[in-house]
Each structure stands twice: as structure tokens, then as C-alpha cells.
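Data file: data-v3.cif. Format and content: mmCIF, C-alpha atoms.
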```
data_start
#
loop_
_atom_site.group_PDB
_atom_site.id
_atom_site.type_symbol
_atom_site.label_atom_id
_atom_site.label_comp_id
_atom_site.auth_asym_id
_atom_site.auth_seq_id
_atom_site.Cartn_x
_atom_site.Cartn_y
_atom_site.Cartn_z
ATOM 1 C CA GLY Y 834 9.726 -23.260 -28.385
ATOM 2 C CA GLU Y 835 6.399 -23.682 -30.093
ATOM 3 C CA ASN Y 836 4.127 -26.576 -29.112
ATOM 4 C CA VAL Y 837 0.995 -27.484 -31.052
ATOM 5 C CA GLU Y 838 -1.708 -29.737 -29.659
ATOM 6 C CA GLN Y 839 -4.394 -31.235 -31.884
ATOM 7 C CA HIS Y 840 -7.724 -32.871 -31.038
ATOM 8 C CA PRO Y 841 -9.332 -35.274 -31.592
ATOM 9 C CA SER Y 842 -6.893 -37.957 -32.674
ATOM 10 C CA THR Y 843 -9.649 -39.794 -34.535
ATOM 11 C CA LEU Y 844 -12.979 -38.561 -35.838
ATOM 12 C CA SER Y 845 -15.727 -40.569 -37.493
ATOM 13 C CA VAL Y 846 -18.644 -38.793 -39.146
ATOM 14 C CA GLN Y 847 -21.512 -39.712 -41.398
ATOM 15 C CA GLU Y 848 -21.313 -38.536 -44.977
ATOM 16 C CA GLY Y 849 -22.887 -35.111 -45.256
ATOM 17 C CA ASP Y 850 -22.200 -34.166 -41.653
ATOM 18 C CA SER Y 851 -19.637 -31.583 -40.566
ATOM 19 C CA ALA Y 852 -16.246 -32.287 -39.049
ATOM 20 C CA VAL Y 853 -14.292 -29.991 -36.751
ATOM 21 C CA ILE Y 854 -10.665 -30.396 -35.753
ATOM 22 C CA LYS Y 855 -9.086 -28.136 -33.147
ATOM 23 C CA CYS Y 856 -5.522 -27.053 -32.454
ATOM 24 C CA THR Y 857 -3.876 -24.913 -29.816
ATOM 25 C CA TYR Y 858 -0.450 -23.349 -29.959
ATOM 26 C CA SER Y 859 1.843 -21.955 -27.308
ATOM 27 C CA ASP Y 860 4.009 -19.291 -28.971
ATOM 28 C CA SER Y 861 2.183 -15.986 -29.323
ATOM 29 C CA ALA Y 862 4.709 -14.976 -31.999
ATOM 30 C CA SER Y 863 3.344 -17.618 -34.397
ATOM 31 C CA ASN Y 864 1.555 -15.937 -37.275
ATOM 32 C CA TYR Y 865 0.928 -18.607 -39.905
ATOM 33 C CA PHE Y 866 -1.327 -21.636 -39.479
ATOM 34 C CA PRO Y 867 -1.655 -24.121 -42.338
ATOM 35 C CA TRP Y 868 -3.690 -27.299 -42.500
ATOM 36 C CA TYR Y 869 -2.547 -30.356 -44.405
ATOM 37 C CA LYS Y 870 -4.346 -33.431 -45.636
ATOM 38 C CA GLN Y 871 -2.331 -36.597 -45.958
ATOM 39 C CA GLU Y 872 -3.661 -39.600 -47.785
ATOM 40 C CA LEU Y 873 -2.105 -43.013 -47.448
ATOM 41 C CA GLY Y 874 1.276 -43.206 -49.152
ATOM 42 C CA LYS Y 875 1.349 -39.539 -50.087
ATOM 43 C CA GLY Y 876 2.993 -36.387 -48.857
ATOM 44 C CA PRO Y 877 1.024 -33.735 -46.950
ATOM 45 C CA GLN Y 878 -1.133 -31.553 -49.180
ATOM 46 C CA LEU Y 879 -1.895 -27.997 -48.147
ATOM 47 C CA ILE Y 880 -5.666 -27.533 -48.049
ATOM 48 C CA ILE Y 881 -6.057 -24.148 -46.393
ATOM 49 C CA ASP Y 882 -4.048 -21.729 -44.325
ATOM 50 C CA ILE Y 883 -4.616 -18.594 -42.298
ATOM 51 C CA ARG Y 884 -2.402 -15.770 -41.164
ATOM 52 C CA SER Y 885 -2.668 -13.991 -37.850
ATOM 53 C CA ASN Y 886 -4.172 -10.835 -39.309
ATOM 54 C CA VAL Y 887 -7.310 -12.746 -40.315
ATOM 55 C CA GLY Y 888 -9.929 -14.392 -38.100
ATOM 56 C CA GLU Y 889 -11.549 -16.710 -40.631
ATOM 57 C CA LYS Y 890 -10.946 -18.026 -44.109
ATOM 58 C CA LYS Y 891 -13.170 -20.176 -46.317
ATOM 59 C CA ASP Y 892 -12.596 -22.233 -49.416
ATOM 60 C CA GLN Y 893 -15.721 -24.022 -50.596
ATOM 61 C CA ARG Y 894 -16.485 -26.726 -47.993
ATOM 62 C CA ILE Y 895 -13.433 -25.962 -45.890
ATOM 63 C CA ALA Y 896 -12.979 -23.139 -43.398
ATOM 64 C CA VAL Y 897 -10.421 -22.248 -40.789
ATOM 65 C CA THR Y 898 -10.938 -19.969 -37.796
ATOM 66 C CA LEU Y 899 -8.279 -18.389 -35.638
ATOM 67 C CA ASN Y 900 -8.551 -16.982 -32.123
ATOM 68 C CA LYS Y 901 -5.259 -15.250 -31.396
ATOM 69 C CA THR Y 902 -6.197 -14.325 -27.862
ATOM 70 C CA ALA Y 903 -6.926 -17.913 -26.920
ATOM 71 C CA LYS Y 904 -4.187 -19.220 -29.208
ATOM 72 C CA HIS Y 905 -6.310 -21.771 -30.943
ATOM 73 C CA PHE Y 906 -7.441 -22.437 -34.485
ATOM 74 C CA SER Y 907 -9.885 -24.884 -35.994
ATOM 75 C CA LEU Y 908 -10.593 -26.624 -39.283
ATOM 76 C CA HIS Y 909 -14.210 -26.995 -40.337
ATOM 77 C CA ILE Y 910 -15.275 -29.323 -43.130
ATOM 78 C CA THR Y 911 -18.927 -29.175 -44.133
ATOM 79 C CA GLU Y 912 -20.917 -31.656 -46.201
ATOM 80 C CA THR Y 913 -18.243 -34.291 -45.726
ATOM 81 C CA GLN Y 914 -17.649 -36.851 -48.452
ATOM 82 C CA PRO Y 915 -15.918 -40.248 -48.323
ATOM 83 C CA GLU Y 916 -12.948 -38.759 -50.205
ATOM 84 C CA ASP Y 917 -12.379 -36.432 -47.251
ATOM 85 C CA SER Y 918 -11.212 -39.476 -45.297
ATOM 86 C CA ALA Y 919 -7.524 -38.928 -44.520
ATOM 87 C CA VAL Y 920 -5.187 -37.747 -41.795
ATOM 88 C CA TYR Y 921 -5.268 -34.007 -41.170
ATOM 89 C CA PHE Y 922 -2.428 -32.057 -39.595
ATOM 90 C CA CYS Y 923 -2.406 -28.536 -38.270
ATOM 91 C CA ALA Y 924 0.796 -26.564 -37.970
ATOM 92 C CA ALA Y 925 2.066 -23.252 -36.657
ATOM 93 C CA SER Y 926 4.950 -21.097 -37.752
ATOM 94 C CA ILE Y 927 6.582 -17.726 -37.346
ATOM 95 C CA TRP Y 928 6.374 -17.093 -41.047
ATOM 96 C CA ASP Y 929 8.586 -14.522 -42.743
ATOM 97 C CA SER Y 930 11.147 -15.288 -40.061
ATOM 98 C CA SER Y 931 11.980 -18.950 -39.700
ATOM 99 C CA TYR Y 932 9.429 -20.612 -42.002
ATOM 100 C CA LYS Y 933 9.705 -23.688 -39.788
ATOM 101 C CA LEU Y 934 6.472 -25.590 -39.239
ATOM 102 C CA ILE Y 935 5.609 -27.191 -35.906
ATOM 103 C CA PHE Y 936 2.948 -29.817 -36.412
ATOM 104 C CA GLY Y 937 0.122 -31.124 -34.337
ATOM 105 C CA SER Y 938 -0.183 -34.845 -33.754
ATOM 106 C CA GLY Y 939 -2.762 -35.381 -36.505
ATOM 107 C CA THR Y 940 -6.423 -36.357 -36.756
ATOM 108 C CA ARG Y 941 -7.576 -39.429 -38.617
ATOM 109 C CA LEU Y 942 -10.917 -38.540 -40.201
ATOM 110 C CA LEU Y 943 -13.222 -41.295 -41.396
ATOM 111 C CA VAL Y 944 -16.309 -40.334 -43.377
ATOM 112 C CA ARG Y 945 -18.821 -43.193 -43.391
ATOM 113 C CA PRO Y 946 -20.893 -43.509 -46.587
ATOM 114 C CA SER B 1424 2.790 -23.164 -56.075
ATOM 115 C CA ALA B 1425 6.172 -24.870 -56.081
ATOM 116 C CA VAL B 1426 6.516 -28.366 -57.493
ATOM 117 C CA ILE B 1427 8.801 -30.550 -55.415
ATOM 118 C CA SER B 1428 10.302 -33.797 -56.671
ATOM 119 C CA GLN B 1429 11.890 -36.275 -54.335
ATOM 120 C CA LYS B 1430 13.990 -39.283 -55.253
ATOM 121 C CA PRO B 1431 13.786 -42.122 -54.504
ATOM 122 C CA SER B 1432 10.103 -42.452 -53.646
ATOM 123 C CA ARG B 1433 10.828 -45.525 -51.573
ATOM 124 C CA ASP B 1434 13.710 -47.831 -50.723
ATOM 125 C CA ILE B 1435 14.520 -50.854 -48.644
ATOM 126 C CA CYS B 1436 18.017 -50.715 -47.189
ATOM 127 C CA GLN B 1437 20.261 -52.922 -45.135
ATOM 128 C CA ARG B 1438 21.192 -51.772 -41.664
ATOM 129 C CA GLY B 1439 24.572 -50.092 -41.461
ATOM 130 C CA THR B 1440 24.311 -48.589 -44.946
ATOM 131 C CA SER B 1441 23.502 -45.019 -45.985
ATOM 132 C CA LEU B 1442 20.874 -43.571 -48.295
ATOM 133 C CA THR B 1443 20.899 -40.162 -49.977
ATOM 134 C CA ILE B 1444 17.549 -38.568 -50.776
ATOM 135 C CA GLN B 1445 17.300 -35.834 -53.370
ATOM 136 C CA CYS B 1446 14.890 -32.908 -53.432
ATOM 137 C CA GLN B 1447 14.452 -30.775 -56.540
ATOM 138 C CA VAL B 1448 12.215 -27.689 -56.682
ATOM 139 C CA ASP B 1449 10.983 -26.141 -59.898
ATOM 140 C CA SER B 1450 11.691 -22.583 -58.751
ATOM 141 C CA GLN B 1451 14.147 -20.779 -56.554
ATOM 142 C CA VAL B 1452 13.017 -20.804 -52.944
ATOM 143 C CA THR B 1453 14.316 -19.113 -49.864
ATOM 144 C CA MET B 1454 14.050 -21.969 -47.440
ATOM 145 C CA MET B 1455 14.243 -25.737 -47.737
ATOM 146 C CA PHE B 1456 13.573 -28.124 -44.906
ATOM 147 C CA TRP B 1457 13.743 -31.819 -44.175
ATOM 148 C CA TYR B 1458 11.133 -33.527 -42.030
ATOM 149 C CA ARG B 1459 10.788 -37.042 -40.703
ATOM 150 C CA GLN B 1460 7.505 -38.841 -40.238
ATOM 151 C CA GLN B 1461 7.790 -42.046 -38.266
ATOM 152 C CA PRO B 1462 5.117 -44.701 -38.859
ATOM 153 C CA GLY B 1463 1.706 -43.441 -37.778
ATOM 154 C CA GLN B 1464 3.185 -40.265 -36.338
ATOM 155 C CA SER B 1465 3.277 -36.563 -37.072
ATOM 156 C CA LEU B 1466 6.002 -34.653 -38.886
ATOM 157 C CA THR B 1467 9.153 -33.625 -37.058
ATOM 158 C CA LEU B 1468 11.609 -31.101 -38.428
ATOM 159 C CA ILE B 1469 15.105 -32.515 -38.875
ATOM 160 C CA ALA B 1470 16.912 -29.446 -40.185
ATOM 161 C CA THR B 1471 16.886 -26.333 -42.313
ATOM 162 C CA ALA B 1472 18.981 -26.722 -45.451
ATOM 163 C CA ASN B 1473 20.987 -23.539 -45.897
ATOM 164 C CA GLN B 1474 22.274 -22.661 -49.317
ATOM 165 C CA GLY B 1475 26.044 -22.631 -49.408
ATOM 166 C CA SER B 1476 26.533 -23.296 -45.697
ATOM 167 C CA GLU B 1477 26.009 -25.957 -43.063
ATOM 168 C CA ALA B 1478 22.454 -26.979 -42.279
ATOM 169 C CA THR B 1479 20.775 -25.924 -39.043
ATOM 170 C CA TYR B 1480 19.704 -28.978 -37.065
ATOM 171 C CA GLU B 1481 16.859 -29.284 -34.588
ATOM 172 C CA SER B 1482 17.289 -30.756 -31.162
ATOM 173 C CA GLY B 1483 17.810 -34.498 -31.342
ATOM 174 C CA PHE B 1484 19.256 -34.516 -34.863
ATOM 175 C CA VAL B 1485 22.970 -34.334 -35.677
ATOM 176 C CA ILE B 1486 24.996 -33.749 -38.797
ATOM 177 C CA ASP B 1487 26.894 -37.027 -38.563
ATOM 178 C CA LYS B 1488 23.642 -38.974 -38.784
ATOM 179 C CA PHE B 1489 21.787 -36.719 -41.240
ATOM 180 C CA PRO B 1490 24.262 -34.809 -43.397
ATOM 181 C CA ILE B 1491 22.517 -32.288 -45.644
ATOM 182 C CA SER B 1492 23.692 -30.411 -48.687
ATOM 183 C CA ARG B 1493 22.160 -27.485 -50.531
ATOM 184 C CA PRO B 1494 24.413 -26.383 -53.371
ATOM 185 C CA ASN B 1495 21.857 -23.975 -54.901
ATOM 186 C CA LEU B 1496 18.387 -22.515 -54.393
ATOM 187 C CA THR B 1497 16.526 -25.394 -56.064
ATOM 188 C CA PHE B 1498 18.240 -28.562 -54.864
ATOM 189 C CA SER B 1499 19.041 -30.306 -51.595
ATOM 190 C CA THR B 1500 20.034 -33.761 -50.405
ATOM 191 C CA LEU B 1501 19.543 -35.553 -47.111
ATOM 192 C CA THR B 1502 21.663 -38.572 -46.248
ATOM 193 C CA VAL B 1503 20.546 -41.044 -43.616
ATOM 194 C CA SER B 1504 23.795 -42.583 -42.388
ATOM 195 C CA ASN B 1505 24.599 -45.891 -40.725
ATOM 196 C CA MET B 1506 20.950 -46.845 -40.793
ATOM 197 C CA SER B 1507 19.144 -48.935 -38.217
ATOM 198 C CA PRO B 1508 15.537 -50.194 -38.236
ATOM 199 C CA GLU B 1509 14.602 -47.185 -36.076
ATOM 200 C CA ASP B 1510 15.347 -44.972 -39.083
ATOM 201 C CA SER B 1511 12.446 -46.523 -40.988
ATOM 202 C CA SER B 1512 10.274 -43.475 -41.718
ATOM 203 C CA ILE B 1513 9.002 -41.193 -44.398
ATOM 204 C CA TYR B 1514 11.440 -38.385 -45.115
ATOM 205 C CA LEU B 1515 9.917 -35.248 -46.560
ATOM 206 C CA CYS B 1516 11.366 -32.200 -48.241
ATOM 207 C CA SER B 1517 9.562 -28.891 -47.813
ATOM 208 C CA VAL B 1518 10.034 -25.383 -49.130
ATOM 209 C CA GLY B 1519 9.045 -21.984 -47.856
ATOM 210 C CA ALA B 1520 9.416 -18.359 -48.792
ATOM 211 C CA ALA B 1521 7.898 -14.988 -48.082
ATOM 212 C CA ASN B 1522 4.422 -14.466 -49.526
ATOM 213 C CA THR B 1523 3.956 -18.140 -50.276
ATOM 214 C CA GLU B 1524 2.905 -21.292 -48.554
ATOM 215 C CA ALA B 1525 4.848 -24.299 -47.318
ATOM 216 C CA PHE B 1526 4.723 -27.164 -49.781
ATOM 217 C CA PHE B 1527 5.898 -30.726 -49.394
ATOM 218 C CA GLY B 1528 7.272 -33.315 -51.700
ATOM 219 C CA GLN B 1529 5.691 -36.750 -51.927
ATOM 220 C CA GLY B 1530 8.225 -38.118 -49.504
ATOM 221 C CA THR B 1531 10.693 -40.977 -49.457
ATOM 222 C CA ARG B 1532 9.457 -44.076 -47.698
ATOM 223 C CA LEU B 1533 12.481 -45.766 -46.141
ATOM 224 C CA THR B 1534 12.473 -49.255 -44.682
ATOM 225 C CA VAL B 1535 15.612 -50.500 -42.960
ATOM 226 C CA VAL B 1536 15.973 -54.253 -42.561
#
```
Can you dump the structure from the file as C-alpha cells?
Amino acid sequence: GENVEQHPSTLSVQEGDSAVIKCTYSDSASNYFPWYKQELGKGPQLIIDIRSNVGEKKDQRIAVTLNKTAKHFSLHITETQPEDSAVYFCAASIWDSSYKLIFGSGTRLLVRP
Amino acid sequence: SAVISQKPSRDICQRGTSLTIQCQVDSQVTMMFWYRQQPGQSLTLIATANQGSEATYESGFVIDKFPISRPNLTFSTLTVSNMSPEDSSIYLCSVGAANTEAFFGQGTRLTVV
């Protein structure tokens, strides 16, 4: 079955700097890769996603890149702000088939003011 | 995007008892899932809630411990049976469908004492 690895487990950056979180997946059939932000005491919130027919997607300060050949995808946050501090999870799925999400282990991002 | 409501949001339960968690979606969805998030950990899929039939459980999860119902396309319940302190987790409902994203409810924070 699918296995998703996520790095780093913790990331501390200065406000205004960029943050990059990386994930690798094992199942070449996976075709949907969402990223979630989870704040303390809340459920995961979808912040951006990418499908396998696209190499990059941007939404304001957030971007995701996908390398299907290498089976890895990354989340890029630019101009980080203290409110970006949270736990971020990547996930992989064979969408339009099972819709099941396999999650990475999470990255705790701390943005220092 | 789908709006997912979970009840209760949190509960403290005695060991040996059972708790039923409800998940209500504001629109008909193809797939509904239940995830568990143990303290400080990532999300693990418990089962797929199938409308009108028995749920499909992932490895390590059994129906006797986590019975699931899904009487229609907008509602599902998860029961955590014969609870022990090891069942203390956040339980999350998620939905998925073709041409949409995977959304999560706010979760039910369960503490077993």
C-alpha cells in the first residue's frame, strides 16, 4: 500500500523567510496530493492541493510542486507570518478511485516574530 | 466546499463505556471516512463508511471496536466501544467525491479515564 514520508518533523523560521516541507510517496498510482494545516484544537484545513497532471500550483504565498518521476512533492510558503505557525500534513491518494488519504507524519512549523 | 459538523466536539468518558460520534455533511457526498489522530501524531484511516452497507475497515481496526453506520449520503456515526485510555484521540470525519477535495470536520476530542 501507499506510504508517505514527510520531512522535516519540525521547522523554525524567522518571520518573512520561506519555509519548505517535503514529502515522498511510494505508490505510483497516487494522483492527488493535498496539504493540510492543523492549528491547535482544530481539524485539518485544506490549504492547497495538486493533481498528478500538474507540476506546480500557486495560491498567493503558498505553492506546491510535484515530481512524479521522483515521487515527491513539496510545500513552499513564502513571506512567512506568525499565523502560519501550525502543524502541516501532506497526503497522497488515488483520487477518483478510493478517495482514501494516506498522511505523512506532519511538520510543526514555528514562525518567529 | 462541503461543511462538516461533528458531535460531540469533545468528551471525557469512563473506561469500559462506549461513545457514538456523529458526522453530518451539508451536501450529498460519495465517500465518507473516519480517521483517528492519536496525541501528537498524524492521521490514520479507520474505515470507509459505505452508504447502506457495512463499512470497510483498514488493517488494525475491527467492526466490534469501531462500529460505523451510514444510513444516507449526508450522515454517518462512529462508535468507540468498550473504551480504554489508549482510545484517547481525536476522531475525524472526512468526505470525498469526484471533482472535489477532501474536507474534514473539526474532530471529536475523546479522553478516556
Minimum-distance residue to Y:Lys901, chosen among Y:Cys856, Y:Ile935, Y:Ile881, Y:Ala919 (using all atoms listed in the file):
Y:Cys856
Based on only C-alpha atoms, which of the residues in chain Y come within 9 Å of chain B? I want them as a list in words.
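Close to chain B, chain Y has Pro867, Gly874, Lys875, Gly876, Pro877, Gln878, Leu879, Asp882, Phe922, Trp928, Asp929, Ser930, Ser931, Tyr932, Lys933, Leu934, Ile935, Phe936, Gly937, Ser938 and Gly939 of chain Y.
Excluding Y:Gln893 and any residue on its chain fewer than 6 positions from it, the residues at most 12 Å away by only C-alpha atoms are Ile880, Ile881, His909, Ile910, Thr911, Glu912 and Thr913 of chain Y.
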Write out as a list in words which residues come within 9 Å of B:Val1536 when counting only C-alpha atoms, dropping same-chain ones fewer than 4 positions away.
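Residues meeting the cut-off are Ile1435, Cys1436, Gln1437, Arg1438, Ser1507, Pro1508 and Ser1511 of chain B.
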Taking only C-alpha atoms into account, name the residue in Y:Asp892, Y:Lys904, Y:Thr857, Y:Tyr869 that is nearest to Y:Val837.
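Of Y:Asp892, Y:Lys904, Y:Thr857, Y:Tyr869, the one nearest Y:Val837 is Y:Thr857, counting only C-alpha atoms.
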Using the chain letters and residue numbers of this document, give as a short mmCIF file (atom, residue, chain, number, x, y, z; two decimals) with C-alpha atoms, in the coordinates of the input the residues selected by the PyMOL selection byres ((chain Y and resi 917) around 9).
```
data_model
loop_
_atom_site.label_atom_id
_atom_site.label_comp_id
_atom_site.auth_asym_id
_atom_site.auth_seq_id
_atom_site.Cartn_x
_atom_site.Cartn_y
_atom_site.Cartn_z
CA LYS Y 870 -4.35 -33.43 -45.64
CA ILE Y 910 -15.28 -29.32 -43.13
CA THR Y 913 -18.24 -34.29 -45.73
CA GLN Y 914 -17.65 -36.85 -48.45
CA PRO Y 915 -15.92 -40.25 -48.32
CA GLU Y 916 -12.95 -38.76 -50.20
CA SER Y 918 -11.21 -39.48 -45.30
CA ALA Y 919 -7.52 -38.93 -44.52
CA LEU Y 942 -10.92 -38.54 -40.20
CA LEU Y 943 -13.22 -41.30 -41.40
CA VAL Y 944 -16.31 -40.33 -43.38
#
```
Near B:Asn1505, within 10 Å and counting all atoms listed in the file, which residues show up once chain neighbours fewer than 4 positions away are dropped, as a ChimeraX atom specification?
/B:1437-1442,1487-1489,1510
If we draw a sphere of 9 Å around (2.6, -20.0, -32.6), which residues have at least one atom in it when counting all atoms listed in the file? Please report them as a count of residues only.
20
Could you check the closest approach to B:Val1426 for each of B:Val1452, B:Leu1533, B:Ala1472, B:Ile1486 and tell me which residue wins, using all atoms listed in the file?
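Among the listed residues, B:Val1452 lies closest to B:Val1426.
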So how far away is atom CA of Y:Lys890 from atom CA of B:Ala1425, in Å?
22.0 Å
Explicit residues for the PyMOL selection byres ((chain Y and resi 843) around 6) (as a count of residues only):
6
Assuming the input is short of atoms at stretch 907-923 of chain Y, produce N, CA, C and O atoms for that part as an mmCIF file, in the frame of the given file.
```cif
data_model
loop_
_atom_site.group_PDB
_atom_site.id
_atom_site.type_symbol
_atom_site.label_atom_id
_atom_site.label_comp_id
_atom_site.auth_asym_id
_atom_site.auth_seq_id
_atom_site.Cartn_x
_atom_site.Cartn_y
_atom_site.Cartn_z
ATOM 1 N N SER Y 907 -9.073 -23.703 -35.713
ATOM 2 C CA SER Y 907 -9.885 -24.884 -35.994
ATOM 3 C C SER Y 907 -10.111 -25.043 -37.491
ATOM 4 O O SER Y 907 -10.197 -24.056 -38.224
ATOM 5 N N LEU Y 908 -10.247 -26.283 -37.905
ATOM 6 C CA LEU Y 908 -10.593 -26.624 -39.283
ATOM 7 C C LEU Y 908 -12.025 -27.132 -39.299
ATOM 8 O O LEU Y 908 -12.394 -27.987 -38.489
ATOM 9 N N HIS Y 909 -12.825 -26.593 -40.207
ATOM 10 C CA HIS Y 909 -14.210 -26.995 -40.337
ATOM 11 C C HIS Y 909 -14.429 -27.521 -41.747
ATOM 12 O O HIS Y 909 -14.138 -26.820 -42.722
ATOM 13 N N ILE Y 910 -14.930 -28.741 -41.832
ATOM 14 C CA ILE Y 910 -15.275 -29.323 -43.130
ATOM 15 C C ILE Y 910 -16.773 -29.580 -43.123
ATOM 16 O O ILE Y 910 -17.285 -30.303 -42.260
ATOM 17 N N THR Y 911 -17.483 -28.972 -44.041
ATOM 18 C CA THR Y 911 -18.927 -29.175 -44.133
ATOM 19 C C THR Y 911 -19.246 -30.151 -45.257
ATOM 20 O O THR Y 911 -18.428 -30.392 -46.152
ATOM 21 N N GLU Y 912 -20.441 -30.726 -45.169
ATOM 22 C CA GLU Y 912 -20.917 -31.656 -46.201
ATOM 23 C C GLU Y 912 -19.835 -32.689 -46.548
ATOM 24 O O GLU Y 912 -19.469 -32.863 -47.707
ATOM 25 N N THR Y 913 -19.360 -33.370 -45.534
ATOM 26 C CA THR Y 913 -18.243 -34.291 -45.726
ATOM 27 C C THR Y 913 -18.581 -35.391 -46.736
ATOM 28 O O THR Y 913 -19.734 -35.831 -46.865
ATOM 29 N N GLN Y 914 -17.536 -35.811 -47.436
ATOM 30 C CA GLN Y 914 -17.649 -36.851 -48.452
ATOM 31 C C GLN Y 914 -16.628 -37.948 -48.144
ATOM 32 O O GLN Y 914 -15.615 -37.680 -47.477
ATOM 33 N N PRO Y 915 -16.872 -39.161 -48.613
ATOM 34 C CA PRO Y 915 -15.918 -40.248 -48.323
ATOM 35 C C PRO Y 915 -14.479 -39.900 -48.719
ATOM 36 O O PRO Y 915 -13.531 -40.308 -48.035
ATOM 37 N N GLU Y 916 -14.306 -39.112 -49.766
ATOM 38 C CA GLU Y 916 -12.948 -38.759 -50.205
ATOM 39 C C GLU Y 916 -12.266 -37.771 -49.257
ATOM 40 O O GLU Y 916 -11.076 -37.467 -49.410
ATOM 41 N N ASP Y 917 -13.007 -37.262 -48.287
ATOM 42 C CA ASP Y 917 -12.379 -36.432 -47.251
ATOM 43 C C ASP Y 917 -11.648 -37.284 -46.215
ATOM 44 O O ASP Y 917 -10.898 -36.755 -45.389
ATOM 45 N N SER Y 918 -11.874 -38.576 -46.247
ATOM 46 C CA SER Y 918 -11.212 -39.476 -45.297
ATOM 47 C C SER Y 918 -9.704 -39.429 -45.515
ATOM 48 O O SER Y 918 -9.215 -39.673 -46.626
ATOM 49 N N ALA Y 919 -8.980 -39.097 -44.451
ATOM 50 C CA ALA Y 919 -7.524 -38.928 -44.520
ATOM 51 C C ALA Y 919 -7.040 -38.539 -43.130
ATOM 52 O O ALA Y 919 -7.830 -38.448 -42.192
ATOM 53 N N VAL Y 920 -5.733 -38.301 -43.025
ATOM 54 C CA VAL Y 920 -5.187 -37.747 -41.795
ATOM 55 C C VAL Y 920 -4.954 -36.253 -42.017
ATOM 56 O O VAL Y 920 -4.388 -35.855 -43.035
ATOM 57 N N TYR Y 921 -5.401 -35.451 -41.076
ATOM 58 C CA TYR Y 921 -5.268 -34.007 -41.170
ATOM 59 C C TYR Y 921 -4.302 -33.515 -40.096
ATOM 60 O O TYR Y 921 -4.381 -33.923 -38.933
ATOM 61 N N PHE Y 922 -3.398 -32.644 -40.513
ATOM 62 C CA PHE Y 922 -2.428 -32.057 -39.595
ATOM 63 C C PHE Y 922 -2.569 -30.552 -39.578
ATOM 64 O O PHE Y 922 -2.664 -29.918 -40.632
ATOM 65 N N CYS Y 923 -2.539 -29.978 -38.390
ATOM 66 C CA CYS Y 923 -2.406 -28.536 -38.270
ATOM 67 C C CYS Y 923 -0.940 -28.209 -37.993
ATOM 68 O O CYS Y 923 -0.166 -29.087 -37.585
#
```
